[in-house]
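Structure file work.cif (mmCIF, C-alpha atoms) follows.
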data_final
loop_
_atom_site.label_atom_id
_atom_site.label_comp_id
_atom_site.auth_asym_id
_atom_site.auth_seq_id
_atom_site.Cartn_x
_atom_site.Cartn_y
_atom_site.Cartn_z
CA MET A 1 -113.95 83.97 128.81
CA THR A 2 -116.45 85.58 131.19
CA ASN A 3 -117.75 83.69 134.17
CA GLY A 4 -121.22 82.28 134.31
CA THR A 5 -123.44 79.54 132.98
CA GLY A 6 -124.78 81.55 130.05
CA ALA A 7 -121.29 82.13 128.65
CA GLY A 8 -120.19 78.62 129.53
CA ILE A 9 -122.81 76.45 127.83
CA PRO A 10 -121.53 77.04 124.25
CA ALA A 11 -118.02 76.30 125.50
CA VAL A 12 -119.26 73.09 127.15
CA SER A 13 -120.86 72.07 123.86
CA THR A 14 -117.56 72.66 122.05
CA ALA A 15 -115.71 70.60 124.67
CA ILE A 16 -118.21 67.73 124.40
CA LEU A 17 -117.86 67.67 120.60
CA ALA A 18 -114.07 67.63 120.96
CA MET A 19 -114.24 64.61 123.27
CA SER A 20 -116.56 62.73 120.92
CA ARG A 21 -114.04 62.94 118.06
CA HIS A 22 -111.64 60.51 119.72
CA LEU A 23 -111.89 56.78 120.28
CA GLU A 24 -108.61 56.02 122.03
CA VAL A 25 -108.62 56.27 125.83
CA ARG A 26 -105.40 58.30 125.99
CA ASP A 27 -106.69 60.80 123.41
CA VAL A 28 -110.00 61.14 125.26
CA LEU A 29 -108.21 61.80 128.57
CA LYS A 30 -106.04 64.50 126.99
CA THR A 31 -109.07 66.19 125.42
CA ILE A 32 -111.04 66.13 128.68
CA VAL A 33 -108.19 67.78 130.58
CA ALA A 34 -107.46 70.41 127.94
CA SER A 35 -111.18 71.19 127.55
CA ALA A 36 -111.70 71.54 131.32
CA ARG A 37 -108.72 73.86 131.70
CA GLU A 38 -109.85 76.09 128.83
CA LEU A 39 -113.50 76.01 129.87
CA LEU A 40 -112.84 77.21 133.41
CA ASP A 41 -109.84 79.40 132.57
CA ALA A 42 -107.48 77.63 134.97
CA GLU A 43 -103.69 77.51 135.01
CA TYR A 44 -103.55 73.77 135.64
CA ALA A 45 -105.76 70.76 135.01
CA ALA A 46 -105.29 67.04 135.52
CA LEU A 47 -107.20 63.78 135.37
CA GLY A 48 -106.17 60.61 137.15
CA VAL A 49 -107.51 57.14 136.36
CA PRO A 50 -106.99 54.89 139.42
CA ASP A 51 -105.45 51.46 139.37
CA ASP A 52 -106.18 48.70 141.87
CA HIS A 53 -103.06 49.25 143.96
CA GLY A 54 -103.47 52.70 145.46
CA GLY A 55 -101.91 54.56 142.53
CA PHE A 56 -102.95 55.74 139.09
CA ALA A 57 -103.02 53.67 135.93
CA GLN A 58 -103.04 56.89 133.89
CA PHE A 59 -102.48 60.50 134.86
CA VAL A 60 -102.82 63.30 132.31
CA VAL A 61 -101.94 66.95 132.97
CA ASP A 62 -102.37 70.21 131.07
CA GLY A 63 -100.52 73.43 131.86
CA VAL A 64 -97.32 71.68 132.95
CA SER A 65 -94.46 71.36 130.48
CA ALA A 66 -92.85 68.01 129.73
CA GLU A 67 -89.67 69.19 131.50
CA GLN A 68 -91.63 70.22 134.60
CA TRP A 69 -93.55 66.97 134.64
CA LYS A 70 -90.35 64.95 134.42
CA ALA A 71 -88.82 66.94 137.28
CA ILE A 72 -91.89 66.39 139.49
CA GLY A 73 -91.17 62.67 139.58
CA PRO A 74 -93.39 59.62 140.09
CA LEU A 75 -97.15 59.73 139.73
CA PRO A 76 -99.09 60.71 142.86
CA ARG A 77 -100.72 58.14 145.08
CA GLN A 78 -104.41 58.03 145.96
CA HIS A 79 -104.32 60.01 149.17
CA GLY A 80 -105.67 63.20 150.65
CA ILE A 81 -108.10 65.13 148.47
CA LEU A 82 -107.55 62.84 145.48
CA ALA A 83 -108.60 59.86 147.57
CA ALA A 84 -111.66 61.73 148.84
CA MET A 85 -112.88 62.34 145.28
CA LEU A 86 -112.17 58.77 144.21
CA HIS A 87 -113.64 57.01 147.23
CA ASN A 88 -116.55 59.27 148.17
CA ALA A 89 -117.55 60.62 144.72
CA THR A 90 -117.88 64.13 146.16
CA PRO A 91 -116.89 67.44 144.50
CA GLU A 92 -114.19 69.48 146.18
CA ARG A 93 -114.02 73.30 145.83
CA LEU A 94 -111.36 74.91 148.01
CA ALA A 95 -110.18 78.51 148.31
CA ASP A 96 -106.68 77.26 149.16
CA VAL A 97 -105.84 73.59 148.85
CA ARG A 98 -102.75 74.09 151.00
CA GLU A 99 -104.87 74.94 154.05
CA ASP A 100 -107.02 71.81 153.83
CA PRO A 101 -106.18 69.34 156.61
CA ARG A 102 -105.96 66.53 154.07
CA PHE A 103 -103.25 68.31 152.10
CA GLY A 104 -100.02 66.32 152.23
CA GLY A 105 -97.66 68.57 150.30
CA TRP A 106 -96.08 68.00 146.90
CA PRO A 107 -92.64 67.49 145.35
CA ALA A 108 -90.18 70.39 145.17
CA ALA A 109 -90.59 70.80 141.40
CA HIS A 110 -94.40 70.86 141.61
CA PRO A 111 -95.96 74.23 140.62
CA ASP A 112 -97.53 76.25 143.44
CA MET A 113 -101.31 75.92 143.59
CA SER A 114 -103.94 77.51 145.76
CA ASP A 115 -107.60 77.56 144.71
CA PHE A 116 -108.79 74.11 143.70
CA LEU A 117 -111.81 72.50 142.06
CA GLY A 118 -112.14 68.75 141.67
CA LEU A 119 -114.89 66.36 140.60
CA PRO A 120 -115.07 62.61 140.20
CA VAL A 121 -115.74 61.25 136.71
CA ALA A 122 -118.27 58.49 137.31
CA ASP A 123 -120.31 56.03 135.28
CA GLY A 124 -123.14 55.11 137.58
CA ASP A 125 -121.56 53.80 140.76
CA GLU A 126 -118.18 53.24 139.13
CA ILE A 127 -115.67 56.05 139.60
CA LEU A 128 -113.56 56.22 136.45
CA GLY A 129 -111.25 58.99 137.56
CA ALA A 130 -110.71 62.31 139.31
CA LEU A 131 -110.74 65.56 137.32
CA PHE A 132 -109.35 68.63 138.99
CA LEU A 133 -108.21 72.17 138.26
CA ALA A 134 -106.10 74.70 140.14
CA ASN A 135 -105.40 78.45 140.05
CA LYS A 136 -108.30 80.25 138.42
CA ARG A 137 -106.80 82.94 136.19
CA CYS A 138 -107.30 86.60 137.14
CA HIS A 139 -108.10 89.23 134.56
CA GLY A 140 -107.93 92.99 134.95
CA PRO A 141 -106.20 94.92 137.76
CA ALA A 142 -107.21 92.60 140.62
CA PRO A 143 -104.11 91.21 142.37
CA ALA A 144 -103.52 87.57 141.49
CA ARG A 145 -104.68 84.95 143.97
CA GLU A 146 -105.99 87.59 146.42
CA GLY A 147 -108.71 89.45 144.51
CA GLY A 148 -111.48 86.87 144.34
CA CYS A 149 -110.04 84.91 141.39
CA ARG A 150 -111.40 81.64 142.65
CA PHE A 151 -113.61 78.90 141.28
CA THR A 152 -117.32 79.62 141.71
CA GLU A 153 -120.53 77.61 141.94
CA ASP A 154 -121.03 78.25 138.22
CA ASP A 155 -117.59 76.81 137.55
CA GLU A 156 -118.47 73.73 139.58
CA ARG A 157 -121.76 73.35 137.69
CA LEU A 158 -120.01 73.62 134.31
CA LEU A 159 -117.33 71.15 135.31
CA GLY A 160 -120.05 68.78 136.52
CA ILE A 161 -121.66 68.84 133.07
CA LEU A 162 -118.29 68.25 131.45
CA ALA A 163 -117.52 65.39 133.86
CA GLN A 164 -120.79 63.63 133.01
CA HIS A 165 -120.02 63.71 129.31
CA ALA A 166 -116.39 62.84 129.99
CA ALA A 167 -117.60 59.64 131.67
CA ILE A 168 -119.59 58.74 128.55
CA ALA A 169 -116.65 59.49 126.24
CA LEU A 170 -114.24 57.53 128.43
CA THR A 171 -116.59 54.54 128.67
CA ASN A 172 -117.07 54.52 124.90
CA ALA A 173 -113.30 54.71 124.37
CA ARG A 174 -112.75 51.77 126.69
CA LEU A 175 -115.39 49.74 124.85
CA TYR A 176 -113.75 50.63 121.53
CA GLU A 177 -110.32 49.56 122.75
CA ARG A 178 -111.75 46.32 124.12
CA SER A 179 -113.45 45.66 120.78
CA ARG A 180 -110.19 46.37 118.97
CA GLU A 181 -108.33 44.00 121.28
CA LEU A 182 -110.81 41.26 120.44
CA THR A 183 -110.43 42.03 116.73
CA ILE A 184 -106.65 41.88 117.01
CA ALA A 185 -106.90 38.60 118.93
CA GLY A 186 -109.07 37.17 116.17
CA GLU A 187 -106.69 38.43 113.51
CA ARG A 188 -103.73 36.85 115.28
CA ALA A 189 -105.60 33.56 115.53
CA ARG A 190 -106.27 33.72 111.78
CA LEU A 191 -102.63 34.50 111.04
CA ALA A 192 -101.48 31.69 113.30
CA HIS A 193 -103.74 29.27 111.42
CA GLU A 194 -102.45 30.50 108.06
CA LEU A 195 -98.89 30.31 109.32
CA HIS A 196 -99.39 26.72 110.45
CA ASP A 197 -100.86 25.70 107.09
CA ALA A 198 -98.27 27.49 104.97
CA VAL A 199 -95.20 26.42 106.94
CA ALA A 200 -96.51 22.88 107.44
CA GLN A 201 -96.85 22.49 103.67
CA LYS A 202 -93.35 23.86 103.10
CA LEU A 203 -91.83 21.58 105.73
CA PHE A 204 -93.68 18.54 104.36
CA SER A 205 -92.32 19.29 100.86
CA LEU A 206 -88.90 19.89 102.36
CA ARG A 207 -88.88 16.48 104.05
CA LEU A 208 -89.99 14.63 100.90
CA THR A 209 -87.43 16.42 98.74
CA ALA A 210 -84.64 15.68 101.25
CA GLN A 211 -85.65 11.99 101.27
CA ALA A 212 -85.55 11.92 97.46
CA ALA A 213 -82.09 13.51 97.45
CA THR A 214 -80.85 10.92 99.94
CA ALA A 215 -82.10 8.07 97.73
CA LEU A 216 -80.41 9.55 94.64
CA VAL A 217 -77.00 10.38 96.11
CA ASP A 218 -75.36 7.08 95.06
CA ARG A 219 -77.09 6.22 91.79
CA ASP A 220 -77.75 9.69 90.30
CA PRO A 221 -75.60 12.39 91.92
CA ALA A 222 -76.66 15.05 89.38
CA ARG A 223 -80.35 14.61 90.20
CA ALA A 224 -79.53 14.49 93.89
CA LYS A 225 -77.79 17.84 93.55
CA ASP A 226 -80.92 19.31 91.88
CA GLU A 227 -83.08 17.98 94.71
CA LEU A 228 -80.76 19.55 97.29
CA HIS A 229 -81.07 22.89 95.51
CA GLN A 230 -84.84 22.49 95.86
CA VAL A 231 -84.38 21.74 99.58
CA ALA A 232 -82.51 25.03 99.99
CA ALA A 233 -85.23 26.96 98.12
CA LEU A 234 -88.03 25.43 100.19
CA ALA A 235 -86.15 26.16 103.42
CA ALA A 236 -85.73 29.79 102.37
CA GLU A 237 -89.46 30.08 101.60
CA ALA A 238 -90.38 28.60 104.99
CA ALA A 239 -88.02 31.04 106.71
CA ASP A 240 -89.64 33.96 104.84
CA GLU A 241 -93.10 32.81 105.96
CA LEU A 242 -91.94 32.73 109.57
CA ARG A 243 -90.22 36.12 109.43
CA ALA A 244 -93.25 37.81 107.89
CA ALA A 245 -95.57 36.28 110.48
CA VAL A 246 -93.36 37.26 113.42
CA VAL A 247 -93.26 40.88 112.29
CA GLU A 248 -97.04 40.98 111.87
CA LEU A 249 -97.84 39.18 115.11
CA ARG A 250 -95.43 40.98 117.43
CA PRO A 251 -96.88 43.82 119.55
CA ALA A 252 -96.60 47.12 117.74
CA GLY A 253 -95.23 49.08 120.69
CA LEU A 254 -97.09 52.20 119.58
CA ASP A 255 -98.30 53.16 123.05
CA GLU A 256 -94.80 53.10 124.48
CA ASP A 257 -92.60 54.04 121.54
CA GLY A 258 -94.73 56.00 119.06
CA LEU A 259 -95.01 55.52 115.31
CA VAL A 260 -91.52 56.70 114.32
CA ALA A 261 -89.66 54.42 116.72
CA THR A 262 -91.94 51.47 115.94
CA LEU A 263 -91.51 51.81 112.18
CA ARG A 264 -87.77 52.26 112.55
CA SER A 265 -87.54 49.10 114.66
CA GLN A 266 -89.63 47.02 112.27
CA THR A 267 -87.78 48.16 109.15
CA GLN A 268 -84.49 47.29 110.85
CA VAL A 269 -85.80 43.79 111.55
CA LEU A 270 -86.91 43.39 107.93
CA ASP A 271 -83.61 44.75 106.64
CA ARG A 272 -81.75 42.04 108.55
CA ALA A 273 -84.21 39.30 107.60
CA HIS A 274 -84.32 39.89 103.82
CA SER A 275 -81.82 40.30 101.05
CA ALA A 276 -83.45 43.58 99.95
CA ARG A 277 -82.19 46.80 101.54
CA VAL A 278 -84.98 48.25 103.71
CA THR A 279 -84.57 51.86 104.92
CA PHE A 280 -86.65 54.26 107.01
CA ALA A 281 -86.58 58.04 107.39
CA ALA A 282 -88.85 60.49 109.25
CA HIS A 283 -88.98 64.24 108.60
CA CYS A 284 -90.63 66.78 110.93
CA PHE A 285 -93.22 64.21 111.99
CA ARG A 286 -95.58 65.16 114.83
CA ALA A 287 -97.57 62.70 116.93
CA LEU A 288 -101.02 61.79 115.62
CA PRO A 289 -104.15 60.40 117.29
CA ALA A 290 -103.55 56.79 118.28
CA ALA A 291 -106.06 55.36 115.77
CA GLN A 292 -104.31 57.12 112.89
CA GLU A 293 -100.87 55.97 113.99
CA GLU A 294 -102.05 52.38 114.24
CA ALA A 295 -103.67 52.54 110.78
CA MET A 296 -100.44 53.93 109.29
CA LEU A 297 -98.40 51.18 110.94
CA ARG A 298 -100.69 48.45 109.57
CA VAL A 299 -100.61 49.94 106.06
CA ALA A 300 -96.82 50.13 106.22
CA GLN A 301 -96.65 46.48 107.30
CA GLU A 302 -98.93 45.35 104.47
CA ALA A 303 -97.05 47.38 101.84
CA LEU A 304 -93.68 46.11 103.12
CA HIS A 305 -94.98 42.54 103.04
CA ASN A 306 -96.00 42.97 99.39
CA ALA A 307 -92.72 44.58 98.41
CA LEU A 308 -90.56 41.94 100.08
CA ARG A 309 -92.61 38.89 99.10
CA HIS A 310 -93.83 39.68 95.61
CA SER A 311 -91.81 42.45 93.93
CA GLY A 312 -88.27 41.06 93.85
CA ALA A 313 -87.09 44.50 94.97
CA GLY A 314 -83.48 45.22 95.84
CA GLN A 315 -84.37 48.45 97.67
CA VAL A 316 -87.45 49.32 99.74
CA GLU A 317 -87.76 52.81 101.24
CA VAL A 318 -90.20 53.90 103.97
CA THR A 319 -90.60 57.63 104.67
CA LEU A 320 -92.84 59.44 107.13
CA THR A 321 -93.22 63.21 106.80
CA ARG A 322 -95.34 65.94 108.29
CA ASP A 323 -98.12 67.17 106.00
CA GLY A 324 -99.82 70.24 107.50
CA GLN A 325 -101.52 69.01 110.68
CA GLY A 326 -101.31 65.43 109.44
CA ALA A 327 -98.76 63.11 107.90
CA LEU A 328 -97.76 61.34 104.70
CA LEU A 329 -96.49 57.77 104.73
CA ARG A 330 -94.73 56.45 101.61
CA ILE A 331 -93.46 52.93 100.93
CA SER A 332 -91.64 52.62 97.59
CA ASP A 333 -89.65 49.82 95.98
CA ASP A 334 -87.62 49.22 92.82
CA GLY A 335 -89.21 45.84 92.14
CA CYS A 336 -91.07 44.39 89.19
CA GLY A 337 -94.20 46.50 89.69
CA PHE A 338 -97.66 45.54 88.46
CA ASP A 339 -100.72 46.84 86.63
CA PRO A 340 -103.24 47.89 89.33
CA GLY A 341 -106.10 47.62 86.85
CA ALA A 342 -105.15 44.07 85.87
CA VAL A 343 -104.89 43.10 89.54
CA ARG A 344 -108.44 44.35 90.15
CA ARG A 345 -109.82 42.58 87.06
CA ALA A 346 -108.18 39.33 88.10
CA GLY A 347 -109.77 39.53 91.53
CA ARG A 348 -106.39 39.78 93.28
CA HIS A 349 -105.90 42.65 95.68
CA LEU A 350 -102.42 42.31 97.23
CA GLY A 351 -103.96 43.75 100.42
CA LEU A 352 -105.01 46.95 98.63
CA VAL A 353 -108.62 46.73 99.80
CA SER A 354 -107.51 46.26 103.40
CA MET A 355 -105.08 49.17 103.18
CA ARG A 356 -107.72 51.47 101.66
CA ASP A 357 -110.18 50.46 104.36
CA ARG A 358 -107.64 51.23 107.07
CA ALA A 359 -106.86 54.63 105.55
CA GLY A 360 -110.51 55.54 105.05
CA GLY A 361 -111.38 54.42 108.57
CA VAL A 362 -109.25 57.22 110.06
CA GLY A 363 -110.20 59.90 107.54
CA GLY A 364 -107.18 59.31 105.34
CA LYS A 365 -106.53 58.47 101.70
CA LEU A 366 -104.47 55.74 100.06
CA THR A 367 -102.92 55.95 96.60
CA VAL A 368 -100.93 53.29 94.75
CA GLU A 369 -98.66 54.00 91.79
CA SER A 370 -97.18 51.08 89.91
CA GLU A 371 -96.58 49.65 86.47
CA PRO A 372 -94.71 46.59 85.23
CA GLY A 373 -90.94 47.01 85.43
CA LYS A 374 -91.06 50.35 87.26
CA GLY A 375 -91.57 49.48 90.90
CA THR A 376 -94.39 50.45 93.24
CA ALA A 377 -95.15 53.36 95.56
CA VAL A 378 -97.88 53.24 98.20
CA GLU A 379 -98.84 56.53 99.86
CA MET A 380 -101.16 57.12 102.79
CA GLU A 381 -102.23 60.60 103.86
CA VAL A 382 -103.99 61.32 107.15
CA PRO A 383 -105.35 64.70 108.29
CA GLY A 384 -104.13 64.59 111.89
CA GLY A 385 -106.20 65.42 114.98
#

Reformat the file's structure so that it appears as structure tokens.
Amino acid sequence: MTNGTGAGIPAVSTAILAMSRHLEVRDVLKTIVASARELLDAEYAALGVPDDHGGFAQFVVDGVSAEQWKAIGPLPRQHGILAAMLHNATPERLADVREDPRFGGWPAAHPDMSDFLGLPVADGDEILGALFLANKRCHGPAPAREGGCRFTEDDERLLGILAQHAAIALTNARLYERSRELTIAGERARLAHELHDAVAQKLFSLRLTAQAATALVDRDPARAKDELHQVAALAAEAADELRAAVVELRPAGLDEDGLVATLRSQTQVLDRAHSARVTFAAHCFRALPAAQEEAMLRVAQEALHNALRHSGAGQVEVTLTRDGQGALLRISDDGCGFDPGAVRRAGRHLGLVSMRDRAGGVGGKLTVESEPGKGTAVEMEVPGG
């Protein structure tokens, strides 16, 4: 990439389009950092989102390997030049960051940096984060770090444009996540209401049946025995209702654990809670954008719920495999199966509409294969990011 505004504007446009493709905050942060580093041809780039306690709630880097980042240690604090950008909303362009009086050093494993360019990412008066780059790359025979390979006014101007659009993308992502949180809260309230109604009915029937059995023990032991069998069946149904609700209501853990670990954990819970054997396997899976991983998790939960509650399956298998840049999720069972056409004509959906909506919402596709007596397979494909 050559230096200068004329060459940079198309690259800025590409970076802005890349940021607009994502809705999750973490994905937006990663795209901003990667775009800034590529745009200005720097060795390192980072973006820190401050918390309210003098540290960073999120800190994303590009140009540093996972092993290097782990060796560096804890996240930096808001001090020195970082603090200046966050508190004063002023750009910082330095020929050698190490010579600035505010420089406080860095951990032993930290890569060596000299020339530095940093800008605040702001939405009006609110500073959302600090975006900075280090070590402008040299091209040609000029000796590295000594031959004028430093950030220029044009670089600062380009990064300023990127930072303005980064603020918009980050604000939109935060609004999206807040909206999703409200949706999830509403969904949990709905599930809690349904859980109360369903389990309350089961427990009411359970109590009446137990009372009937008690009254029949002396004068009709055979009928009392039948009533006690009914008590056991109702108790099992109530327990199933509770197990299914707990799995659906519990936090997914996607942000911390990722899709593979979350699915493995949930299938293990279901395997212990149900008589059917529930297994999970992942093959060559690569991380996906957060929205796609959440959609795949929800589809897997819905399909598992159907298989365990309605199919009478003895075996349910969940597999997650890499598919080009994306992934393929498959939930199959050896249960009674059904006629998808008959289900649609009868107005029953078994969650199929919801699953298709979730898949379509992240650019994916859902297919369902089933017929009476031959089990069911639900597949979801997503294109990746």

Starting from the shown file, work through the PyMOL selection byres ((chain A and resi 326-331) around 6) and note down what comes out as a count of residues only.
18

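Proximity to Ala15 in chain A was assessed for A:Ala163, A:Ala130, A:Leu94, A:Val353 counting all atoms listed in the file; the smallest distance is recorded for A:Ala163.
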
Polymer residues at most 7 Å from Glu43 in chain A, all atoms listed in the file, same-chain spacing of 3 or more positions, as an MDAnalysis selection string
chainID A and resid 63 134:137

So which residues get picked by the PyMOL selection byres ((chain A and resi 76) around 10) here, written as a count of residues only?
15

Taking the file as shown, find all residues satisfying the PyMOL selection byres ((chain A and resi 222-232) around 7) and write them as a PyMOL selection string.
chain A and resi 206+209-210+213+216-217+220-221+233-236

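The space between CA of Glu67 in chain A and CA of Ala109 in chain A spans 10.1 Å.
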
Quick one, how far is CA of Gly360 in chain A from CA of Met296 in chain A?
11.0 Å

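The interatomic distance for the pair CA of Ser179 in chain A and CA of Glu24 in chain A works out to 11.5 Å.
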
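Comparing A:Leu263, A:Asp339, A:Ala290, A:Asp357 by their smallest distance to Glu369 in chain A, the closest is A:Asp339 (using all atoms listed in the file).
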
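Closest approach to Phe116 in chain A among A:Arg286, A:Arg102, A:Arg93, A:Arg207: A:Arg93, based on all atoms listed in the file.
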